[in-house]
file target_11.csv (CSV, C-alpha atoms)
chain,number,residue,atom,x,y,z
A,1425,VAL,CA,68.8,135.7,107.5
A,1426,GLN,CA,71.9,133.8,106.7
A,1427,LEU,CA,72.0,130.0,106.3
A,1428,GLN,CA,75.3,128.1,106.7
A,1429,ALA,CA,75.2,124.5,105.6
A,1430,SER,CA,78.0,122.0,106.2
A,1431,GLY,CA,78.6,118.2,106.4
A,1432,GLY,CA,78.8,117.1,102.8
A,1433,GLY,CA,81.5,114.8,101.5
A,1434,LEU,CA,82.3,111.6,99.7
A,1435,VAL,CA,80.9,108.4,101.0
A,1436,GLN,CA,80.4,104.8,99.7
A,1437,THR,CA,77.1,103.2,99.0
A,1438,GLY,CA,75.4,102.2,102.2
A,1439,GLY,CA,77.2,104.8,104.2
A,1440,SER,CA,75.9,107.8,106.2
A,1441,LEU,CA,76.4,111.5,106.4
A,1442,ARG,CA,74.9,114.2,108.6
A,1443,LEU,CA,74.3,117.7,107.2
A,1444,SER,CA,73.8,120.7,109.4
A,1445,CYS,CA,72.4,124.2,108.6
A,1446,GLN,CA,72.6,127.0,111.1
A,1447,ALA,CA,70.3,130.0,110.7
A,1448,SER,CA,71.3,133.4,112.0
A,1449,GLY,CA,70.3,137.1,111.6
A,1450,ARG,CA,67.0,138.8,112.1
A,1451,PRO,CA,64.3,137.4,114.4
A,1452,PHE,CA,62.7,134.6,112.5
A,1453,GLY,CA,59.1,134.6,113.7
A,1454,ALA,CA,57.3,131.6,112.4
A,1455,LEU,CA,60.2,129.5,111.1
A,1456,THR,CA,60.1,126.6,108.7
A,1457,MET,CA,63.3,125.0,107.3
A,1458,GLY,CA,63.9,122.4,104.7
A,1459,TRP,CA,66.4,120.6,102.6
A,1460,PHE,CA,66.4,120.4,98.9
A,1461,ARG,CA,68.9,118.8,96.5
A,1462,GLN,CA,70.0,119.2,92.9
A,1463,ALA,CA,71.8,116.4,91.0
A,1464,PRO,CA,73.9,117.2,88.0
A,1465,GLY,CA,71.7,118.0,85.0
A,1466,LYS,CA,68.5,117.8,87.0
A,1467,GLU,CA,66.2,120.2,88.7
A,1468,ARG,CA,66.3,121.0,92.3
A,1469,GLU,CA,64.0,118.8,94.3
A,1470,PHE,CA,62.5,118.6,97.8
A,1471,VAL,CA,64.0,116.3,100.4
A,1472,ALA,CA,62.5,117.1,103.8
A,1473,ALA,CA,61.3,120.0,105.9
A,1474,VAL,CA,60.2,120.8,109.4
A,1475,ARG,CA,57.9,123.4,111.0
A,1476,TRP,CA,59.7,124.8,114.0
A,1477,SER,CA,56.5,125.2,116.0
A,1478,ASP,CA,55.0,121.7,115.9
A,1479,GLY,CA,57.6,119.6,114.3
A,1480,THR,CA,55.5,118.7,111.3
A,1481,ILE,CA,57.8,116.8,108.9
A,1482,PRO,CA,57.1,115.8,105.3
A,1483,TYR,CA,59.7,113.7,103.4
A,1484,ALA,CA,60.2,113.0,99.7
A,1485,ASP,CA,59.3,109.4,98.9
A,1486,SER,CA,62.8,108.7,97.6
A,1487,VAL,CA,64.3,109.3,101.0
A,1488,LYS,CA,61.6,108.2,103.4
A,1489,GLY,CA,62.9,105.6,105.9
A,1490,ARG,CA,66.6,106.5,105.1
A,1491,PHE,CA,66.9,110.2,105.9
A,1492,THR,CA,65.9,111.9,109.2
A,1493,ILE,CA,65.4,115.6,109.5
A,1494,SER,CA,65.6,117.2,113.0
A,1495,ARG,CA,66.1,120.6,114.6
A,1496,ASP,CA,67.8,122.2,117.6
A,1497,LYS,CA,65.4,125.0,118.4
A,1498,ALA,CA,67.8,126.6,120.9
A,1499,ARG,CA,70.6,126.9,118.3
A,1500,ASN,CA,68.3,127.5,115.3
A,1501,THR,CA,70.1,124.6,113.6
A,1502,LEU,CA,68.6,122.1,111.1
A,1503,PHE,CA,70.1,118.6,110.6
A,1504,LEU,CA,69.7,115.9,108.0
A,1505,GLN,CA,70.9,112.4,109.0
A,1506,MET,CA,71.3,110.4,105.8
A,1507,ASP,CA,71.7,106.7,106.1
A,1508,SER,CA,71.8,103.9,103.5
A,1509,LEU,CA,73.1,106.3,100.9
A,1510,VAL,CA,73.0,105.3,97.3
A,1511,PRO,CA,74.6,106.9,94.2
A,1512,GLU,CA,71.2,108.4,93.3
A,1513,ASP,CA,71.6,110.6,96.4
A,1514,THR,CA,74.6,112.4,94.9
A,1515,ALA,CA,73.7,116.0,94.7
A,1516,VAL,CA,74.3,119.5,96.1
A,1517,TYR,CA,72.1,119.8,99.1
A,1518,TYR,CA,70.6,123.1,100.0
A,1519,CYS,CA,69.0,124.3,103.2
A,1520,ALA,CA,66.2,126.8,103.0
A,1521,ALA,CA,64.2,128.9,105.4
A,1522,LYS,CA,60.8,130.5,105.5
A,1523,VAL,CA,60.3,133.2,108.1
A,1524,GLY,CA,57.5,135.6,109.0
A,1525,SER,CA,54.2,135.6,110.7
A,1526,SER,CA,52.6,132.3,109.5
A,1527,TYR,CA,53.5,128.7,108.8
A,1528,PRO,CA,53.0,127.0,105.5
A,1529,ILE,CA,50.5,124.2,105.1
A,1530,LEU,CA,51.9,120.8,104.7
A,1531,SER,CA,51.7,120.7,100.9
A,1532,ARG,CA,53.4,124.0,100.6
A,1533,MET,CA,56.4,122.8,102.7
A,1534,ARG,CA,57.5,120.8,99.6
A,1535,SER,CA,57.6,123.8,97.3
A,1536,MET,CA,60.7,125.8,96.6
A,1537,GLY,CA,58.7,128.9,96.2
A,1538,THR,CA,57.6,128.8,99.8
A,1539,TYR,CA,61.1,129.6,101.1
A,1540,ASP,CA,62.6,133.0,101.4
A,1541,TYR,CA,66.2,132.2,102.1
A,1542,TRP,CA,68.7,129.7,100.8
A,1543,GLY,CA,72.1,128.4,102.0
A,1544,GLN,CA,75.1,128.0,99.7
A,1545,GLY,CA,74.8,124.3,99.2
A,1546,THR,CA,77.0,121.4,100.3
A,1547,LEU,CA,78.0,118.6,98.0
A,1548,VAL,CA,77.2,115.0,98.8
A,1549,THR,CA,78.9,112.3,96.6
A,1550,VAL,CA,78.0,108.7,96.9
A,1551,SER,CA,80.3,106.3,95.2
A,1552,SER,CA,79.2,102.8,94.0
call {"tool": "encode", "arguments": {"input": "target_11.csv", "output": "structure tokens"}}
result
Amino acid sequence: VQLQASGGGLVQTGGSLRLSCQASGRPFGALTMGWFRQAPGKEREFVAAVRWSDGTIPYADSVKGRFTISRDKARNTLFLQMDSLVPEDTAVYYCAAKVGSSYPILSRMRSMGTYDYWGQGTLVTVSS
């Protein structure tokens, strides 16, 4: 499975960006995809995820109400609409995918260890 992320860039505080991540390769089976981010000097953290089957979506508290995750099932593409951006959102954003025969429970969707495949990351910089 290959994940190609795009859409990062430089934006001012209060601005918006939309990230995309297209999955390709082997048949996915039960697909769950998510976004994580890693700020300079910090550990990678969960942002949001979605189960392909039923659209279950958990968000990190820090982005709830500002970010919206969505998916295009026909194109196996994941999106992250980021609004009201603040400098604290500056990070490299990674998309991740879990494939196979079963879906993770809600709590496991927030864990990096749940995901089998990772994209290359796209940098988002929010200036003050």
call {"tool": "closest_atom_pairs", "arguments": {"input": "target_11.csv", "of": "region 1453-1522 of chain A", "to": "region 1430-1435 of chain A", "cutoff": "12 Å", "atoms": "all atoms listed in the file", "output": "CSV"}}
result
residue,atom,partner,partner_atom,distance
A:Arg1461,CA,A:Gly1432,CA,11.9
A:Thr1501,CA,A:Ser1430,CA,11.1
A:Leu1502,CA,A:Ser1430,CA,10.6
A:Phe1503,CA,A:Gly1431,CA,9.5
A:Leu1504,CA,A:Gly1431,CA,9.3
A:Gln1505,CA,A:Gly1431,CA,10.0
A:Met1506,CA,A:Gly1432,CA,10.5
A:Asp1507,CA,A:Val1435,CA,10.7
A:Ser1508,CA,A:Val1435,CA,10.5
A:Leu1509,CA,A:Val1435,CA,8.1
A:Val1510,CA,A:Val1435,CA,9.3
A:Pro1511,CA,A:Val1435,CA,9.4
A:Asp1513,CA,A:Val1435,CA,10.6
A:Thr1514,CA,A:Leu1434,CA,9.1
A:Ala1515,CA,A:Gly1432,CA,9.6
A:Val1516,CA,A:Gly1432,CA,8.4
A:Tyr1517,CA,A:Gly1432,CA,8.1
A:Tyr1518,CA,A:Ser1430,CA,9.7
A:Cys1519,CA,A:Ser1430,CA,9.8
call {"tool": "closest_residue", "arguments": {"input": "target_11.csv", "among": "A:Ser1552, A:Asn1500, A:Ser1477, A:Ser1440", "to": "Pro1528 (chain A)", "atoms": "only C-alpha atoms"}}
result
A:Ser1477
call {"tool": "closest_residue", "arguments": {"input": "target_11.csv", "among": "A:Ala1473, A:Val1487, A:Leu1443, A:Ile1529", "to": "Thr1456 (chain A)", "atoms": "only C-alpha atoms"}}
result
A:Ala1473
call {"tool": "atom_distance", "arguments": {"input": "target_11.csv", "atom1": "CA of Trp1476 (chain A)", "atom2": "CA of Glu1512 (chain A)"}}
result
28.8 Å
call {"tool": "closest_residue", "arguments": {"input": "target_11.csv", "among": "A:Val1425, A:Ala1521, A:Met1533, A:Leu1441", "to": "Leu1547 (chain A)", "atoms": "all atoms listed in the file"}}
result
A:Leu1441
call {"tool": "closest_residue", "arguments": {"input": "target_11.csv", "among": "A:Ser1526, A:Met1457, A:Ser1531, A:Gly1543", "to": "Asp1496 (chain A)", "atoms": "all atoms listed in the file"}}
result
A:Met1457
call {"tool": "closest_residue", "arguments": {"input": "target_11.csv", "among": "A:Gly1439, A:Gly1458, A:Glu1469, A:Gly1524", "to": "Ile1493 (chain A)", "atoms": "only C-alpha atoms"}}
result
A:Gly1458
call {"tool": "closest_residue", "arguments": {"input": "target_11.csv", "among": "A:Val1523, A:Met1536, A:Ala1463, A:Val1474", "to": "Arg1495 (chain A)", "atoms": "all atoms listed in the file"}}
result
A:Val1474
call {"tool": "residues_near_point", "arguments": {"input": "target_11.csv", "point": "(79.1, 102.3, 96.2)", "cutoff": "6 Å", "atoms": "all atoms listed in the file", "output": "list of chain:residue names"}}
result
A:Gln1436, A:Thr1437, A:Ser1551, A:Ser1552
call {"tool": "residues_around", "arguments": {"input": "target_11.csv", "residues": "Ser1448 (chain A)", "least_positions_apart": "2", "cutoff": "10 Å", "atoms": "all atoms listed in the file", "output": "list in words"}}
result
Val1425, Gln1426, Leu1427, Gln1428, Cys1445, Gln1446, Arg1450, Pro1451, Phe1452, Arg1499, Asn1500 and Thr1501 of chain A
call {"tool": "atom_distance", "arguments": {"input": "target_11.csv", "atom1": "CA of Thr1492 (chain A)", "atom2": "CA of Tyr1527 (chain A)"}}
result
20.9 Å
call {"tool": "atom_distance", "arguments": {"input": "target_11.csv", "atom1": "CA of Ala1447 (chain A)", "atom2": "CA of Trp1459 (chain A)"}}
result
13.0 Å
call {"tool": "build_atoms", "arguments": {"input": "target_11.csv", "residues": "region 1491-1527 of chain A", "atoms": "N, CA and C atoms", "output": "mmCIF file, keeping the file's coordinate frame"}}
result
data_model
loop_
_atom_site.group_PDB
_atom_site.id
_atom_site.type_symbol
_atom_site.label_atom_id
_atom_site.label_comp_id
_atom_site.auth_asym_id
_atom_site.auth_seq_id
_atom_site.Cartn_x
_atom_site.Cartn_y
_atom_site.Cartn_z
ATOM 1 N N PHE A 1491 66.421 108.864 105.444
ATOM 2 C CA PHE A 1491 66.900 110.200 105.900
ATOM 3 C C PHE A 1491 65.973 110.603 107.100
ATOM 4 N N THR A 1492 66.585 111.340 108.026
ATOM 5 C CA THR A 1492 65.900 111.900 109.200
ATOM 6 C C THR A 1492 66.209 113.345 109.340
ATOM 7 N N ILE A 1493 65.202 114.180 109.304
ATOM 8 C CA ILE A 1493 65.400 115.600 109.500
ATOM 9 C C ILE A 1493 65.092 115.915 110.992
ATOM 10 N N SER A 1494 65.873 116.813 111.580
ATOM 11 C CA SER A 1494 65.600 117.200 113.000
ATOM 12 C C SER A 1494 66.082 118.651 113.143
ATOM 13 N N ARG A 1495 65.762 119.194 114.298
ATOM 14 C CA ARG A 1495 66.100 120.600 114.600
ATOM 15 C C ARG A 1495 66.543 120.767 116.003
ATOM 16 N N ASP A 1496 67.419 121.724 116.220
ATOM 17 C CA ASP A 1496 67.800 122.200 117.600
ATOM 18 C C ASP A 1496 67.246 123.587 117.687
ATOM 19 N N LYS A 1497 66.136 123.711 118.375
ATOM 20 C CA LYS A 1497 65.400 125.000 118.400
ATOM 21 C C LYS A 1497 66.288 126.047 119.122
ATOM 22 N N ALA A 1498 67.011 125.652 120.138
ATOM 23 C CA ALA A 1498 67.800 126.600 120.900
ATOM 24 C C ALA A 1498 68.924 127.224 120.064
ATOM 25 N N ARG A 1499 69.452 126.435 119.141
ATOM 26 C CA ARG A 1499 70.600 126.900 118.300
ATOM 27 C C ARG A 1499 70.154 127.255 116.905
ATOM 28 N N ASN A 1500 68.851 127.196 116.636
ATOM 29 C CA ASN A 1500 68.300 127.500 115.300
ATOM 30 C C ASN A 1500 69.098 126.717 114.217
ATOM 31 N N THR A 1501 69.277 125.451 114.485
ATOM 32 C CA THR A 1501 70.100 124.600 113.600
ATOM 33 C C THR A 1501 69.217 123.442 113.093
ATOM 34 N N LEU A 1502 69.353 123.183 111.814
ATOM 35 C CA LEU A 1502 68.600 122.100 111.100
ATOM 36 C C LEU A 1502 69.634 121.007 110.792
ATOM 37 N N PHE A 1503 69.200 119.757 110.910
ATOM 38 C CA PHE A 1503 70.100 118.600 110.600
ATOM 39 C C PHE A 1503 69.368 117.706 109.583
ATOM 40 N N LEU A 1504 70.185 116.975 108.859
ATOM 41 C CA LEU A 1504 69.700 115.900 108.000
ATOM 42 C C LEU A 1504 70.598 114.712 108.140
ATOM 43 N N GLN A 1505 70.116 113.694 108.827
ATOM 44 C CA GLN A 1505 70.900 112.400 109.000
ATOM 45 C C GLN A 1505 70.511 111.573 107.762
ATOM 46 N N MET A 1506 71.524 111.218 106.992
ATOM 47 C CA MET A 1506 71.300 110.400 105.800
ATOM 48 C C MET A 1506 71.987 109.081 105.934
ATOM 49 N N ASP A 1507 71.185 108.049 105.944
ATOM 50 C CA ASP A 1507 71.700 106.700 106.100
ATOM 51 C C ASP A 1507 71.367 105.871 104.814
ATOM 52 N N SER A 1508 72.025 104.743 104.686
ATOM 53 C CA SER A 1508 71.800 103.900 103.500
ATOM 54 C C SER A 1508 71.890 104.629 102.215
ATOM 55 N N LEU A 1509 72.919 105.424 102.099
ATOM 56 C CA LEU A 1509 73.100 106.300 100.900
ATOM 57 C C LEU A 1509 73.329 105.435 99.670
ATOM 58 N N VAL A 1510 72.801 105.912 98.556
ATOM 59 C CA VAL A 1510 73.000 105.300 97.300
ATOM 60 C C VAL A 1510 73.475 106.318 96.262
ATOM 61 N N PRO A 1511 74.068 105.870 95.148
ATOM 62 C CA PRO A 1511 74.600 106.900 94.200
ATOM 63 C C PRO A 1511 73.559 107.882 93.720
ATOM 64 N N GLU A 1512 72.307 107.504 93.686
ATOM 65 C CA GLU A 1512 71.200 108.400 93.300
ATOM 66 C C GLU A 1512 71.044 109.589 94.234
ATOM 67 N N ASP A 1513 71.638 109.497 95.407
ATOM 68 C CA ASP A 1513 71.600 110.600 96.400
ATOM 69 C C ASP A 1513 72.636 111.648 96.124
ATOM 70 N N THR A 1514 73.524 111.395 95.194
ATOM 71 C CA THR A 1514 74.600 112.400 94.900
ATOM 72 C C THR A 1514 73.961 113.648 94.348
ATOM 73 N N ALA A 1515 74.297 114.754 95.006
ATOM 74 C CA ALA A 1515 73.700 116.000 94.700
ATOM 75 C C ALA A 1515 74.318 117.131 95.524
ATOM 76 N N VAL A 1516 74.054 118.363 95.160
ATOM 77 C CA VAL A 1516 74.300 119.500 96.100
ATOM 78 C C VAL A 1516 73.052 119.659 96.907
ATOM 79 N N TYR A 1517 73.236 119.652 98.197
ATOM 80 C CA TYR A 1517 72.100 119.800 99.100
ATOM 81 C C TYR A 1517 72.049 121.210 99.644
ATOM 82 N N TYR A 1518 70.860 121.781 99.564
ATOM 83 C CA TYR A 1518 70.600 123.100 100.000
ATOM 84 C C TYR A 1518 69.650 123.189 101.158
ATOM 85 N N CYS A 1519 69.963 124.009 102.152
ATOM 86 C CA CYS A 1519 69.000 124.300 103.200
ATOM 87 C C CYS A 1519 68.244 125.560 102.841
ATOM 88 N N ALA A 1520 67.013 125.642 103.298
ATOM 89 C CA ALA A 1520 66.200 126.800 103.000
ATOM 90 C C ALA A 1520 65.341 127.142 104.206
ATOM 91 N N ALA A 1521 64.949 128.401 104.285
ATOM 92 C CA ALA A 1521 64.200 128.900 105.400
ATOM 93 C C ALA A 1521 63.035 129.770 104.994
ATOM 94 N N LYS A 1522 61.908 129.592 105.664
ATOM 95 C CA LYS A 1522 60.800 130.500 105.500
ATOM 96 C C LYS A 1522 60.578 131.165 106.869
ATOM 97 N N VAL A 1523 60.548 132.486 106.902
ATOM 98 C CA VAL A 1523 60.300 133.200 108.100
ATOM 99 C C VAL A 1523 59.063 134.065 107.965
ATOM 100 N N GLY A 1524 58.651 134.695 109.060
ATOM 101 C CA GLY A 1524 57.500 135.600 109.000
ATOM 102 C C GLY A 1524 56.464 135.317 110.032
ATOM 103 N N SER A 1525 55.219 135.591 109.711
ATOM 104 C CA SER A 1525 54.200 135.600 110.700
ATOM 105 C C SER A 1525 53.281 134.325 110.628
ATOM 106 N N SER A 1526 53.491 133.483 109.648
ATOM 107 C CA SER A 1526 52.600 132.300 109.500
ATOM 108 C C SER A 1526 53.433 131.111 109.010
ATOM 109 N N TYR A 1527 52.901 129.933 109.286
ATOM 110 C CA TYR A 1527 53.500 128.700 108.800
ATOM 111 C C TYR A 1527 52.862 128.199 107.568
#
